[in-house]
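Asker: What follows is final03.txt, compact mmCIF, C-alpha atoms.
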# COMPACT_ATOMS: atom_id res chain seq x y z
CA ALA R 1 107.30 166.13 121.58
CA PRO R 2 105.46 168.88 123.42
CA GLY R 3 107.00 172.26 122.76
CA ALA R 4 106.96 175.42 120.75
CA GLY R 5 106.78 175.21 117.00
CA ASP R 6 104.60 172.05 116.81
CA ASP R 7 102.89 173.18 113.61
CA ASP R 8 103.38 169.91 111.70
CA GLU R 9 102.99 167.11 114.22
CA GLY R 10 102.32 164.47 111.63
CA ASN R 11 105.49 165.01 109.64
CA ASP R 12 108.22 162.99 111.41
CA HIS R 13 110.63 163.63 108.58
CA ASP R 14 110.58 167.36 109.32
CA HIS R 15 110.74 166.71 113.09
CA PRO R 16 113.44 164.08 113.59
CA GLU R 17 113.35 164.64 117.33
CA ARG R 18 110.02 162.70 117.36
CA ARG R 19 111.37 159.58 115.73
CA GLY R 20 110.74 156.20 117.34
CA TRP R 21 112.75 153.85 119.53
CA PHE R 22 116.54 154.22 119.57
CA HIS R 23 116.82 156.98 117.00
CA ASN R 24 118.60 160.21 117.55
CA MET R 25 118.18 163.53 115.89
CA THR R 26 120.47 162.64 113.00
CA GLY R 27 119.33 159.05 112.56
CA VAL R 28 122.72 157.58 113.63
CA PRO R 29 124.30 156.91 117.02
CA LEU R 30 125.42 160.17 118.57
CA LEU R 31 128.84 159.35 119.91
CA ARG R 32 130.69 156.95 122.10
CA VAL R 33 130.61 157.53 125.85
CA ALA R 34 134.42 157.72 125.96
CA SER R 35 134.26 160.74 123.68
CA LEU R 36 131.79 162.55 125.94
CA GLY R 37 133.82 161.70 129.03
CA MET R 38 137.05 163.14 127.59
CA LEU R 39 135.88 166.66 126.85
CA GLY R 40 138.79 168.93 126.01
CA GLY R 41 141.40 166.19 126.35
CA ARG R 42 143.05 165.41 129.67
CA GLN R 43 142.60 168.91 131.09
CA GLY R 44 138.90 168.87 130.23
CA TYR R 45 138.56 165.45 131.84
CA ARG R 46 139.89 166.81 135.12
CA ARG R 47 137.50 169.80 135.03
CA VAL R 48 134.34 167.80 134.36
CA GLY R 49 134.50 165.95 137.68
CA SER R 50 133.68 169.15 139.60
CA GLU R 51 131.76 170.95 136.86
CA ALA R 52 128.54 169.01 137.41
CA GLN R 53 128.43 169.59 141.16
CA THR R 54 129.38 173.24 140.77
CA PHE R 55 126.48 173.77 138.38
CA ILE R 56 124.05 171.92 140.67
CA ASP R 57 125.07 174.07 143.64
CA LYS R 58 124.68 177.27 141.61
CA PHE R 59 121.33 176.07 140.20
CA ASN R 60 119.99 175.26 143.69
CA LEU R 61 121.11 178.64 144.97
CA GLU R 62 119.30 180.47 142.15
CA HIS R 63 116.20 178.27 141.68
CA GLY R 64 115.88 176.13 144.81
CA ASP R 65 116.16 172.37 145.10
CA MET R 66 112.59 171.49 144.12
CA HIS R 67 113.55 169.78 140.89
CA PRO R 68 114.41 166.25 139.75
CA THR R 69 117.40 164.84 141.60
CA PRO R 70 120.41 165.26 139.29
CA GLN R 71 123.34 162.92 138.82
CA ALA R 72 126.32 164.81 140.26
CA CYS R 73 128.77 163.34 137.77
CA LYS R 74 129.96 163.55 134.20
CA PHE R 75 127.39 163.06 131.46
CA SER R 76 128.99 159.81 130.33
CA GLU R 77 128.85 158.46 133.88
CA ALA R 78 125.18 159.39 134.15
CA LEU R 79 124.49 157.45 130.94
CA SER R 80 126.40 154.48 132.32
CA ASN R 81 124.45 154.67 135.58
CA ALA R 82 121.18 154.66 133.67
CA ARG R 83 122.32 151.72 131.58
CA ARG R 84 123.25 149.73 134.67
CA GLN R 85 119.89 150.49 136.30
CA PHE R 86 117.94 149.87 133.06
CA LYS R 87 116.43 153.33 133.11
CA PHE R 88 116.21 156.17 130.65
CA LEU R 89 118.28 159.30 131.30
CA VAL R 90 116.41 162.61 131.16
CA VAL R 91 118.87 165.30 130.07
CA TYR R 92 118.14 168.98 130.68
CA LEU R 93 120.38 171.50 128.88
CA HIS R 94 120.09 174.81 130.70
CA SER R 95 120.40 178.03 128.77
CA PRO R 96 120.24 180.76 131.45
CA TYR R 97 119.76 183.65 128.99
CA HIS R 98 116.98 182.10 126.89
CA GLU R 99 113.68 183.92 127.27
CA ASP R 100 111.69 180.69 127.96
CA THR R 101 114.03 179.35 130.62
CA PRO R 102 112.62 181.13 133.71
CA ARG R 103 109.04 180.19 132.85
CA PHE R 104 110.01 176.57 132.11
CA LEU R 105 111.84 176.29 135.40
CA ASN R 106 109.09 177.88 137.49
CA GLU R 107 106.11 176.15 135.89
CA THR R 108 107.51 172.82 134.68
CA LEU R 109 110.91 171.53 135.78
CA CYS R 110 111.05 172.88 139.33
CA THR R 111 107.67 171.55 140.44
CA PRO R 112 106.80 168.71 142.83
CA GLY R 113 104.97 166.76 140.14
CA MET R 114 107.89 166.80 137.73
CA LYS R 115 110.40 165.98 140.47
CA GLU R 116 108.33 163.06 141.72
CA PHE R 117 107.65 161.61 138.27
CA ILE R 118 111.24 161.80 137.00
CA ASP R 119 112.79 160.61 140.25
CA GLU R 120 110.52 157.57 140.25
CA HIS R 121 110.96 156.49 136.63
CA PHE R 122 114.18 158.03 135.27
CA LEU R 123 117.64 159.21 136.10
CA PHE R 124 118.22 162.92 135.61
CA TRP R 125 121.23 164.92 134.47
CA MET R 126 121.46 168.63 133.79
CA GLY R 127 124.12 171.06 132.75
CA SER R 128 124.53 174.63 131.59
CA VAL R 129 125.45 175.22 127.97
CA LEU R 130 127.78 177.91 129.30
CA ASN R 131 129.96 175.10 130.64
CA PRO R 132 132.17 172.98 128.37
CA GLU R 133 130.60 169.58 128.98
CA ALA R 134 126.94 170.61 128.56
CA TYR R 135 127.90 172.72 125.55
CA SER R 136 129.59 169.69 123.99
CA VAL R 137 126.46 167.60 124.66
CA SER R 138 124.25 170.26 123.06
CA SER R 139 126.46 170.23 119.99
CA ARG R 140 126.34 166.48 119.74
CA VAL R 141 122.56 166.31 119.96
CA ARG R 142 122.25 169.42 117.76
CA ALA R 143 120.04 171.27 120.19
CA CYS R 144 118.69 174.31 118.35
CA SER R 145 116.14 175.60 120.83
CA PHE R 146 115.92 175.92 124.57
CA PRO R 147 114.94 174.81 127.13
CA TYR R 148 116.09 171.46 125.77
CA VAL R 149 114.99 168.18 127.37
CA ALA R 150 115.95 164.81 125.88
CA VAL R 151 115.38 161.21 126.89
CA MET R 152 118.50 159.20 126.21
CA THR R 153 119.73 155.66 126.56
CA MET R 154 122.64 153.48 125.52
CA THR R 155 122.28 151.24 122.47
CA SER R 156 124.57 148.48 121.32
CA GLU R 157 125.50 148.76 117.68
CA GLY R 158 128.61 147.56 115.96
CA ASP R 159 131.63 147.40 118.19
CA GLY R 160 130.16 148.96 121.35
CA PRO R 161 127.33 150.79 123.16
CA TYR R 162 126.46 154.31 122.01
CA PRO R 163 124.43 157.08 123.66
CA THR R 164 121.23 157.62 121.70
CA VAL R 165 118.40 160.16 121.90
CA CYS R 166 115.05 158.40 122.16
CA ASP R 167 113.09 161.65 121.87
CA ALA R 168 113.64 165.34 122.60
CA ASN R 169 111.58 168.38 123.54
CA GLN R 170 112.86 171.82 122.51
CA GLY R 171 111.26 174.92 123.92
CA TYR R 172 108.70 175.56 126.62
CA ALA R 173 106.26 172.81 127.64
CA GLU R 174 103.74 172.72 130.45
CA VAL R 175 104.24 170.27 133.26
CA ASP R 176 101.24 168.09 132.34
CA ALA R 177 102.34 167.87 128.72
CA MET R 178 105.88 167.09 129.77
CA VAL R 179 104.73 164.32 132.11
CA GLN R 180 102.45 162.92 129.41
CA TRP R 181 105.33 162.99 126.92
CA LEU R 182 107.67 161.19 129.31
CA ALA R 183 104.97 158.65 130.18
CA GLY R 184 104.48 157.97 126.49
CA ILE R 185 108.18 157.19 126.12
CA LEU R 186 108.01 154.84 129.10
CA GLU R 187 104.94 153.12 127.66
CA GLY R 188 106.21 152.83 124.13
CA GLN R 189 109.89 152.20 124.68
CA GLY R 190 110.09 151.07 128.30
CA PRO R 191 109.32 147.39 127.56
CA GLU R 192 112.64 147.19 125.77
CA LEU R 193 114.39 148.21 129.01
CA VAL R 194 112.30 145.66 130.90
CA ALA R 195 113.42 143.01 128.43
CA GLN R 196 117.00 144.18 128.80
CA ARG R 197 116.71 144.01 132.58
CA ALA R 198 115.27 140.50 132.32
CA ASP R 199 118.09 139.49 129.98
CA GLN R 200 120.65 141.00 132.33
CA GLU R 201 119.10 139.28 135.33
CA GLN R 202 119.15 136.01 133.41
CA ARG R 203 122.80 136.59 132.52
CA ASP R 204 123.54 137.45 136.13
CA ASN R 205 121.75 134.30 137.29
CA ASP R 206 123.62 132.23 134.72
CA ARG R 207 126.89 133.82 135.82
CA ARG R 208 126.13 133.17 139.48
CA LEU R 209 125.17 129.61 138.64
CA ARG R 210 128.42 129.12 136.75
CA GLU R 211 130.37 130.66 139.60
CA GLU R 212 128.60 128.41 142.10
CA GLN R 213 129.25 125.38 139.90
CA GLU R 214 132.89 126.40 139.47
CA GLU R 215 133.20 127.00 143.21
CA ALA R 216 131.60 123.62 143.90
CA PHE R 217 133.99 122.05 141.41
CA ARG R 218 136.97 123.77 143.02
CA ALA R 219 135.75 122.75 146.45
CA GLY R 220 135.30 119.17 145.27
CA LEU R 221 138.71 119.22 143.66
CA LEU R 222 140.28 120.57 146.84
CA GLU R 223 138.46 117.92 148.87
CA ASP R 224 139.68 115.20 146.51
CA GLN R 225 143.20 116.58 146.76
CA ARG R 226 142.91 116.69 150.53
CA ARG R 227 141.70 113.10 150.68
CA GLU R 228 144.42 112.00 148.26
CA GLN R 229 147.00 113.80 150.40
CA GLU R 230 145.61 112.16 153.52
CA ARG R 231 145.72 108.77 151.79
CA GLU R 232 149.33 109.35 150.71
CA ASP R 233 150.23 110.57 154.20
CA GLN R 234 148.57 107.48 155.71
CA GLN R 235 150.40 105.21 153.30
CA ARG R 236 153.67 106.96 154.09
CA ARG R 237 153.05 106.64 157.83
CA GLU R 238 152.13 102.98 157.46
CA LYS R 239 155.25 102.38 155.36
CA GLU R 240 157.43 104.21 157.86
CA GLU R 241 155.81 102.29 160.72
CA ALA R 242 156.35 98.99 158.93
CA GLU R 243 159.97 99.92 158.19
CA ARG R 244 160.45 100.99 161.82
CA ALA R 245 158.89 97.76 163.11
CA GLU R 246 161.01 95.73 160.69
CA ARG R 247 164.11 97.64 161.73
CA GLU R 248 163.35 97.18 165.43
CA LEU R 249 162.68 93.47 164.88
CA ARG R 250 165.94 93.11 162.95
CA GLU R 251 167.82 95.00 165.65
CA ALA R 252 166.17 92.88 168.34
CA ARG R 253 167.14 89.71 166.53
CA GLU R 254 170.67 91.03 166.09
CA ARG R 255 170.81 91.82 169.80
CA GLU R 256 169.47 88.39 170.65
CA GLU R 257 172.04 86.86 168.35
CA ARG R 258 174.83 88.87 169.94
CA GLU R 259 173.55 87.94 173.39
CA ARG R 260 173.37 84.29 172.36
CA VAL R 261 176.89 84.39 170.96
CA ARG R 262 178.14 86.22 174.04
CA ALA R 263 176.38 83.77 176.34
CA GLU R 264 177.78 80.84 174.40
CA GLU R 265 181.25 82.36 174.55
CA GLU R 266 180.88 83.02 178.25
CA GLU R 267 179.57 79.51 178.82
CA ARG R 268 182.36 78.09 176.73
CA ALA R 269 184.90 80.14 178.64
CA LYS R 270 183.29 79.09 181.88
CA GLN R 271 183.40 75.44 180.93
CA GLN R 272 186.97 75.81 179.82
CA HIS R 273 187.75 77.47 183.12
CA LYS R 274 186.00 74.70 185.01
CA SER R 275 187.77 72.08 182.99
CA ALA R 276 191.10 73.73 183.67
CA LYS R 277 190.30 73.90 187.39
CA ALA R 278 188.98 70.32 187.45
CA ALA R 279 192.23 69.13 185.92
CA LEU R 280 193.92 70.26 189.13
CA PHE R 281 191.94 67.70 191.09
CA GLU R 282 192.23 64.63 188.86
CA ALA R 283 194.52 62.94 191.44
CA PRO R 284 192.82 61.02 194.30
CA GLU R 285 191.98 62.93 197.44
CA PRO R 286 194.82 62.97 199.90
CA THR R 287 194.52 61.06 203.18
CA GLY R 288 196.37 60.97 206.42
CA PRO R 289 197.03 63.23 209.38
CA ASN R 290 198.36 66.16 207.29
CA THR R 291 195.01 66.74 205.60
CA ALA R 292 192.04 68.95 206.27
CA LEU R 293 188.40 68.12 205.49
CA ILE R 294 186.80 71.26 204.11
CA ALA R 295 183.03 71.38 203.61
CA PHE R 296 181.38 74.10 201.51
CA ARG R 297 177.80 75.35 201.79
CA LEU R 298 176.88 76.67 198.33
CA PRO R 299 174.48 79.62 197.84
CA HIS R 300 171.67 77.38 196.60
CA GLY R 301 171.99 75.16 199.69
CA GLN R 302 173.99 72.30 198.26
CA ARG R 303 176.86 70.96 200.39
CA ILE R 304 180.10 69.61 198.89
CA GLN R 305 183.40 68.65 200.59
CA ARG R 306 186.95 67.47 199.92
CA ARG R 307 190.19 66.79 201.71
CA PHE R 308 193.09 69.11 201.08
CA LEU R 309 196.67 68.96 202.25
CA ASN R 310 197.43 71.21 205.19
CA HIS R 311 200.03 73.07 203.19
CA ASP R 312 197.61 73.73 200.29
CA THR R 313 196.76 77.43 200.00
CA VAL R 314 193.33 79.04 200.17
CA GLN R 315 193.62 79.39 196.41
CA ALA R 316 193.11 75.61 196.18
CA LEU R 317 189.70 76.05 197.87
CA TYR R 318 188.64 78.62 195.23
CA ASP R 319 189.96 76.39 192.44
CA TYR R 320 187.87 73.51 193.77
CA LEU R 321 184.74 75.67 193.93
CA ASP R 322 185.38 76.95 190.39
CA ALA R 323 185.57 73.35 189.18
CA TYR R 324 182.68 71.78 191.12
CA GLY R 325 180.70 74.50 192.85
CA ASP R 326 178.39 75.62 190.03
CA ILE R 327 178.48 79.10 191.47
CA GLU R 328 176.62 81.72 189.43
CA PHE R 329 178.34 84.71 191.01
CA ALA R 330 181.09 86.37 189.03
CA HIS R 331 182.80 87.28 192.28
CA TYR R 332 182.49 85.36 195.51
CA GLU R 333 184.36 84.62 198.73
CA VAL R 334 184.38 81.94 201.43
CA ALA R 335 183.96 82.53 205.13
CA THR R 336 183.23 80.76 208.39
CA ASN R 337 179.97 81.50 210.14
CA LEU R 338 180.89 81.69 213.82
CA PRO R 339 183.13 83.42 214.25
CA LYS R 340 182.77 85.35 211.01
CA VAL R 341 186.09 85.09 209.17
CA VAL R 342 186.43 85.87 205.46
CA TYR R 343 189.23 84.10 203.61
CA ASN R 344 190.18 86.33 200.75
CA ASP R 345 193.95 86.08 201.13
CA LYS R 346 194.44 83.21 198.74
CA SER R 347 198.18 82.86 199.32
CA VAL R 348 198.03 81.59 202.95
CA THR R 349 198.00 77.86 203.70
CA LEU R 350 195.07 76.06 205.21
CA GLU R 351 197.08 75.42 208.32
CA ALA R 352 198.02 79.07 208.68
CA ALA R 353 194.39 79.98 208.12
CA GLN R 354 193.44 77.58 210.96
CA LEU R 355 191.22 75.50 208.70
CA VAL R 356 192.71 72.16 209.84
CA PRO R 357 191.80 69.48 210.58
CA GLN R 358 188.34 70.43 209.33
CA ALA R 359 186.16 73.44 208.64
CA MET R 360 182.77 74.52 207.27
CA LEU R 361 182.92 77.41 204.81
CA PHE R 362 180.03 79.36 203.35
CA VAL R 363 180.16 80.70 199.79
CA GLN R 364 178.86 84.27 199.52
CA GLU R 365 178.71 86.83 196.76
CA VAL R 366 181.03 89.82 196.78
CA VAL R 367 178.95 92.86 196.04
What does this structure look like when you write it as structure tokens?
Answerer:
Amino acid sequence: APGAGDDDEGNDHDHPERRGWFHNMTGVPLLRVASLGMLGGRQGYRRVGSEAQTFIDKFNLEHGDMHPTPQACKFSEALSNARRQFKFLVVYLHSPYHEDTPRFLNETLCTPGMKEFIDEHFLFWMGSVLNPEAYSVSSRVRACSFPYVAVMTMTSEGDGPYPTVCDANQGYAEVDAMVQWLAGILEGQGPELVAQRADQEQRDNDRRLREEQEEAFRAGLLEDQRREQEREDQQRREKEEAERAERELREAREREERERVRAEEEERAKQQHKSAKAALFEAPEPTGPNTALIAFRLPHGQRIQRRFLNHDTVQALYDYLDAYGDIEFAHYEVATNLPKVVYNDKSVTLEAAQLVPQAMLFVQEVV
């Protein structure tokens, strides 16, 4: 790594910060993200949320905003963001009282070239070692010289992902050397992130495909259920319609049967009534001067007649019509035409009713 004290560049054992892909300065994973995110217990966790933004505001006020765009969040969140975006995280640990810090800021970090290069290829996080979170990070990575710049990522080992230092620069470095150093990390170790991104995209595509297949299966299942429900509903409606039709047919037949029985009973009663009335006229018609010839014009036009005794009552006329008139009306009466006289007092005699010696009576319905 470019920086002060590079007197033995070929000896990686003496300079562990220059080790290869996914090694940190101690040769083992640094720590779990949860540990970094819970600095100082619960109280520390609440402070960290505003600590990053407070430092950024103070840094911008003192040094301007021409520097790589920082992640305004906890260090662990910045690592997680980088992992999700398949990028390396450049970490700058700011030591405001170190003698090389002003020069490094003015000539290297806070320059357009450095801002443009880091913003394009990395995510960036910075913090002051005077603050609890950045101090904890410096202790974890065992930073022994400042300004300290590290390139970090998340590696999966054992039971979970761990933050790991890919390489670190301690001390002053010129902007061109710093850019070259960062570009070397991208060239040498970036393909692994590309492969990870490809794997993640493949997993995402597989997941989307599974979700689409599951959604299609659910949709098909719902459609089958809907069709089955429609079929059952149709069968139920058809069954209910058949039962209703059968019930209506049965009721109609029962009504017809009742009507038939009623009609037969009425006809039987009618015939019995006619027979009883006809029995009154089994004797031969009377003859002689004390008789009256009564003719009847029936509603259907038929004409019938008979002789009655003058002292027979009008009731005898109705009895005769009941026996031989075939009258369909339930209630009827007899009357002369001119003049119009209705004979509904059945107790008077024919002579008293002035129907002797002969008369023509018309049968009419009583409404």
Asker: Between R:Asn290, R:Glu107, R:Arg227, R:Thr153, which residue has the minimum interatomic distance to Ala177 in chain R, considering all atoms listed in the file?
Answerer: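 Under the stated criterion, the closest residue is R:Glu107.
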Asker: R:Ile185, R:Ala359, R:Ala316, R:Ala353: which is nearest Ala150 in chain R, counting all atoms listed in the file?
Answerer: R:Ile185
Asker: Fewer than 5 positions away in the same chain doesn't count, so skip those; otherwise give me all residues within 9 Å of range 111-117 of chain R, counting all atoms listed in the file, as a PyMOL selection string.
Answerer: chain R and resi 66-69+105-106+122+175-176+178-179+182
Asker: Residues near Tyr97 in chain R, anyone? I mean within 12 Å using only C-alpha atoms, not counting same-chain ones fewer than 2 positions away, as a short mmCIF file (atom, residue, chain, number, x, y, z; two decimals) with C-alpha atoms, in the frame of the given file.
Answerer:
data_model
loop_
_atom_site.label_atom_id
_atom_site.label_comp_id
_atom_site.auth_asym_id
_atom_site.auth_seq_id
_atom_site.Cartn_x
_atom_site.Cartn_y
_atom_site.Cartn_z
CA HIS R 94 120.09 174.81 130.70
CA SER R 95 120.40 178.03 128.77
CA GLU R 99 113.68 183.92 127.27
CA ASP R 100 111.69 180.69 127.96
CA THR R 101 114.03 179.35 130.62
CA PRO R 102 112.62 181.13 133.71
CA ARG R 103 109.04 180.19 132.85
CA SER R 128 124.53 174.63 131.59
CA VAL R 129 125.45 175.22 127.97
CA LEU R 130 127.78 177.91 129.30
CA PHE R 146 115.92 175.92 124.57
CA PRO R 147 114.94 174.81 127.13
#
Asker: In Å, how far is it from CA of Ala245 in chain R to CA of Glu259 in chain R?
Answerer: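 Value for the CA of Ala245 in chain R-CA of Glu259 in chain R distance: 20.4 Å.
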Asker: What is the distance between CA of Thr54 in chain R and CA of Gly127 in chain R, in Å to one decimal?
Answerer: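 These two atoms are separated by 9.8 Å.
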Asker: From the set R:Pro163, R:Pro299, R:Gly220, R:Gly190, which residue has the shortest atom-to-atom contact distance to Leu361 in chain R, counting all atoms listed in the file?
Answerer: R:Pro299
Asker: One number please: CA of Phe308 in chain R to CA of Lys340 in chain R, in Å, one decimal.
Answerer: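 Separating CA of Phe308 in chain R from CA of Lys340 in chain R is a distance of 21.7 Å.
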Asker: Give the answer as one residue: which of R:Val348, R:Ala195, R:Asp204, R:Cys110 has the shortest atom-to-atom distance to Asp65 in chain R, using only C-alpha atoms?
Answerer: R:Cys110
Asker: How big is the axis-aligned box around all listed atoms of range 337-349 of chain R once 5 Å goes on each side, and where's its centre, in Å to one decimal, as AutoDock Vina command-line options?
Answerer:
--center_x 189.1 --center_y 82.1 --center_z 206.5 --size_x 28.2 --size_y 18.5 --size_z 25.5
Asker: Nearest residue to Tyr320 in chain R out of R:Glu282, R:Glu240, R:Glu254, R:Glu351, using all atoms listed in the file?
Answerer: R:Glu282
Asker: Would you list the residues near (192.6, 69.7, 209.6), meaning any protein, DNA or RNA residue with an atom at most 6 Å from that point in file coordinates, counting all atoms listed in the file, as a short mmCIF file (atom, residue, chain, number, x, y, z; two decimals) with C-alpha atoms, in the coordinates of the input?
Answerer:
data_model
loop_
_atom_site.label_atom_id
_atom_site.label_comp_id
_atom_site.auth_asym_id
_atom_site.auth_seq_id
_atom_site.Cartn_x
_atom_site.Cartn_y
_atom_site.Cartn_z
CA THR R 291 195.01 66.74 205.60
CA ALA R 292 192.04 68.95 206.27
CA VAL R 356 192.71 72.16 209.84
CA PRO R 357 191.80 69.48 210.58
CA GLN R 358 188.34 70.43 209.33
#
Asker: Using only C-alpha atoms for the distances, tell me which of R:Asp199, R:Glu248, R:Asp319, R:Asp345 is nearest to Phe281 in chain R.
Answerer: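 Closest to Phe281 in chain R, using only C-alpha atoms: R:Asp319.
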Asker: Could you name the residues that touch Cys73 in chain R at 9 Å or less, counting all atoms listed in the file, but leaving out those on the same chain fewer than 2 positions away, as a PDB file with C-alpha atoms, keeping the file's coordinate frame?
Answerer:
ATOM      1  CA  VAL R  48     134.340 167.800 134.360  1.00  0.00           C
ATOM      2  CA  GLY R  49     134.500 165.950 137.680  1.00  0.00           C
ATOM      3  CA  SER R  50     133.680 169.150 139.600  1.00  0.00           C
ATOM      4  CA  GLU R  51     131.760 170.950 136.860  1.00  0.00           C
ATOM      5  CA  ALA R  52     128.540 169.010 137.410  1.00  0.00           C
ATOM      6  CA  GLN R  53     128.430 169.590 141.160  1.00  0.00           C
ATOM      7  CA  PRO R  70     120.410 165.260 139.290  1.00  0.00           C
ATOM      8  CA  GLN R  71     123.340 162.920 138.820  1.00  0.00           C
ATOM      9  CA  PHE R  75     127.390 163.060 131.460  1.00  0.00           C
ATOM     10  CA  SER R  76     128.990 159.810 130.330  1.00  0.00           C
ATOM     11  CA  GLU R  77     128.850 158.460 133.880  1.00  0.00           C
ATOM     12  CA  ALA R  78     125.180 159.390 134.150  1.00  0.00           C
ATOM     13  CA  TRP R 125     121.230 164.920 134.470  1.00  0.00           C
TER      14      TRP R 125
END
Asker: Contacts of Ala278 in chain R at 12 Å or less, counting only C-alpha atoms, minus same-chain residues fewer than 4 places along, as number ranges by chain?
Answerer: R: 270-274, 282-283, 316-325
Asker: Go ahead and save the residues from that selection, with C-alpha atoms, as an mmCIF file, keeping the file's coordinate frame.
Answerer:
data_model
loop_
_atom_site.group_PDB
_atom_site.id
_atom_site.type_symbol
_atom_site.label_atom_id
_atom_site.label_comp_id
_atom_site.auth_asym_id
_atom_site.auth_seq_id
_atom_site.Cartn_x
_atom_site.Cartn_y
_atom_site.Cartn_z
ATOM 1 C CA LYS R 270 183.290 79.090 181.880
ATOM 2 C CA GLN R 271 183.400 75.440 180.930
ATOM 3 C CA GLN R 272 186.970 75.810 179.820
ATOM 4 C CA HIS R 273 187.750 77.470 183.120
ATOM 5 C CA LYS R 274 186.000 74.700 185.010
ATOM 6 C CA GLU R 282 192.230 64.630 188.860
ATOM 7 C CA ALA R 283 194.520 62.940 191.440
ATOM 8 C CA ALA R 316 193.110 75.610 196.180
ATOM 9 C CA LEU R 317 189.700 76.050 197.870
ATOM 10 C CA TYR R 318 188.640 78.620 195.230
ATOM 11 C CA ASP R 319 189.960 76.390 192.440
ATOM 12 C CA TYR R 320 187.870 73.510 193.770
ATOM 13 C CA LEU R 321 184.740 75.670 193.930
ATOM 14 C CA ASP R 322 185.380 76.950 190.390
ATOM 15 C CA ALA R 323 185.570 73.350 189.180
ATOM 16 C CA TYR R 324 182.680 71.780 191.120
ATOM 17 C CA GLY R 325 180.700 74.500 192.850
#
